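Below is one structure, written out as structure tokens; the observations come after it.
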Amino acid sequence: MKIDNWHILMQMRAPKESSYDPIAPLELPHSLHAFQRVSATDSSNMEGYHTFRGGFWNYFSMGMDAQVSYAFHSERKLHPEKFKNQLVNQSTYAKLGCTQGWFFAPLFHPADRNIAQLAKVKIMKGHEWKELEVHHSIRSIVCLNLPSFSGGLNPWGTPNRRKLRDRDLTPPYVDDGLIEVVGFRDAWHGLVLLAPNGHGTRLAQAHRIRFEFHKGAADHTYMRIDGEPWKQPLPVDDDTAVVVEISHHGQVNMLATHDCRSRSVHDNSSVHNGAEEDDANEDDSVEEGEEWRKFGAAATFRIPDEVDISRLS
């Protein structure tokens with residue numbers, strides 16, 4: 001199966017009085033598709049800017065989910081002996097989401113940390129940039145290539161026929177040159193993904209997406225590429241001092257099983273009953289249980305009834 005490959009470019013205005021990197025090298029994602037600073041001879045390099053670029057196959061996210069992931073990642077680096085098994089890891093992740101106040105986000109998190117206040121979001125679906133209106137309640141945004149996020153959940157879901165027609169949306173094909181942009185308001189909104197046919201707020205599908213960060217909205221935010229988070233400094237005195245742009249960058253071949261959840265736009269079996277998702281009743285969901293089964297860690301996220309969560313540390 002072929003899947004889309006996505007290129008990410010980040011530019012930050014370099015301080016005039018200093019030549020240091022705005023992000024410590026060890027804080028950057030270090031997976032095989034690393035986020036790396038470009039050389040001085042690279043065509044992407046701009047004078048007066050620190051320029052980084054990388055790639056991903058699964059997702060880029062920013063905001064609430066990346067902040068929880070960053071706290072988990074930092075804690076695990078400091079105390080690796082505490083993270084012994086999947087159950088402890090998942091309970092720690094849930095605990096961090098609670099202690100950071102994401103279940104009561106309007107009370108614990110100021111409005112200037114919402115996506116709309118942090119950045120101007122632009123998308124390209126065709127040949128022209130268009131500003132994307134993001135509701136002021138959205139605190140996390142996910143740019144998704146594969147229908148798998150946070151242990152196998154599918155934030156985009158499958159739009160029904162009415163939404164396909166009225167909003168020009170499509171199912172999340174992995175080789176259509178489009179990236180799905182999904183928003184979340186708080187942790188409760190994220191838990192909707194555990195329900196049958198649950199999905200986030202579908203914002204757009206695009207060939208390219210660009211984030212232009214406002215000055216003074218906040219001094220930092222959190223970002224994540226394919227599960228690897230970092231703390232991103234933001235401009236304090238100059239508009240568009242930080243720009244993140246994601247664009248399509250060809251395709252790669254991947255091995256896939258016959259029951260793989262990812263679908264190709266060229267596969268006739270891709271046109272399945274998912275197009276009726278929002279119109280389907282509970283009986284249909286039961287009949288299609290294998291099709292919509294959560295996979296990966298998502299299937300095991302629920303803590304067994306016999307476990308006393310208060311005793312976990």
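Here, A, B, ... name the chains of the structure tokens in the order displayed, residue numbers run from 1 inside each chain, and ligands are numbered from 1 in the same displayed order.
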Counting only C-alpha atoms, which residues of range 169-247 of chain A sit at most 12 Å from some atom of range 251-261 of chain A, and what is each one's closest atom pair with its distance in Å to one decimal, listed by chain and rising residue number, as CSV?
residue,atom,partner,partner_atom,distance
A:Pro171,CA,A:Arg261,CA,11.8
A:Pro172,CA,A:Arg261,CA,10.3
A:Tyr173,CA,A:Arg261,CA,10.1
A:Val174,CA,A:Gln251,CA,9.6
A:Asp175,CA,A:Gln251,CA,7.4
A:Asp176,CA,A:Gln251,CA,9.9
A:Gly177,CA,A:Gln251,CA,8.8
A:Leu178,CA,A:Gln251,CA,11.8
Next on the checklist: If we count only C-alpha atoms and set the cut-off at 7 Å, which residues sit around His207 in chain A, ignoring sequence neighbours fewer than 4 positions away in its own chain? Please answer as a PyMOL selection string.
Outcome noted: chain A and resi 124-125+177-179+247-248
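Counting only C-alpha atoms, Ile115 in chain A has the following residues at most 7 Å away, ignoring those fewer than 2 positions along the same chain: A:Arg113, A:Gln117, A:Leu118, A:Ala119, A:Ile138, A:Arg139, A:Ser140.
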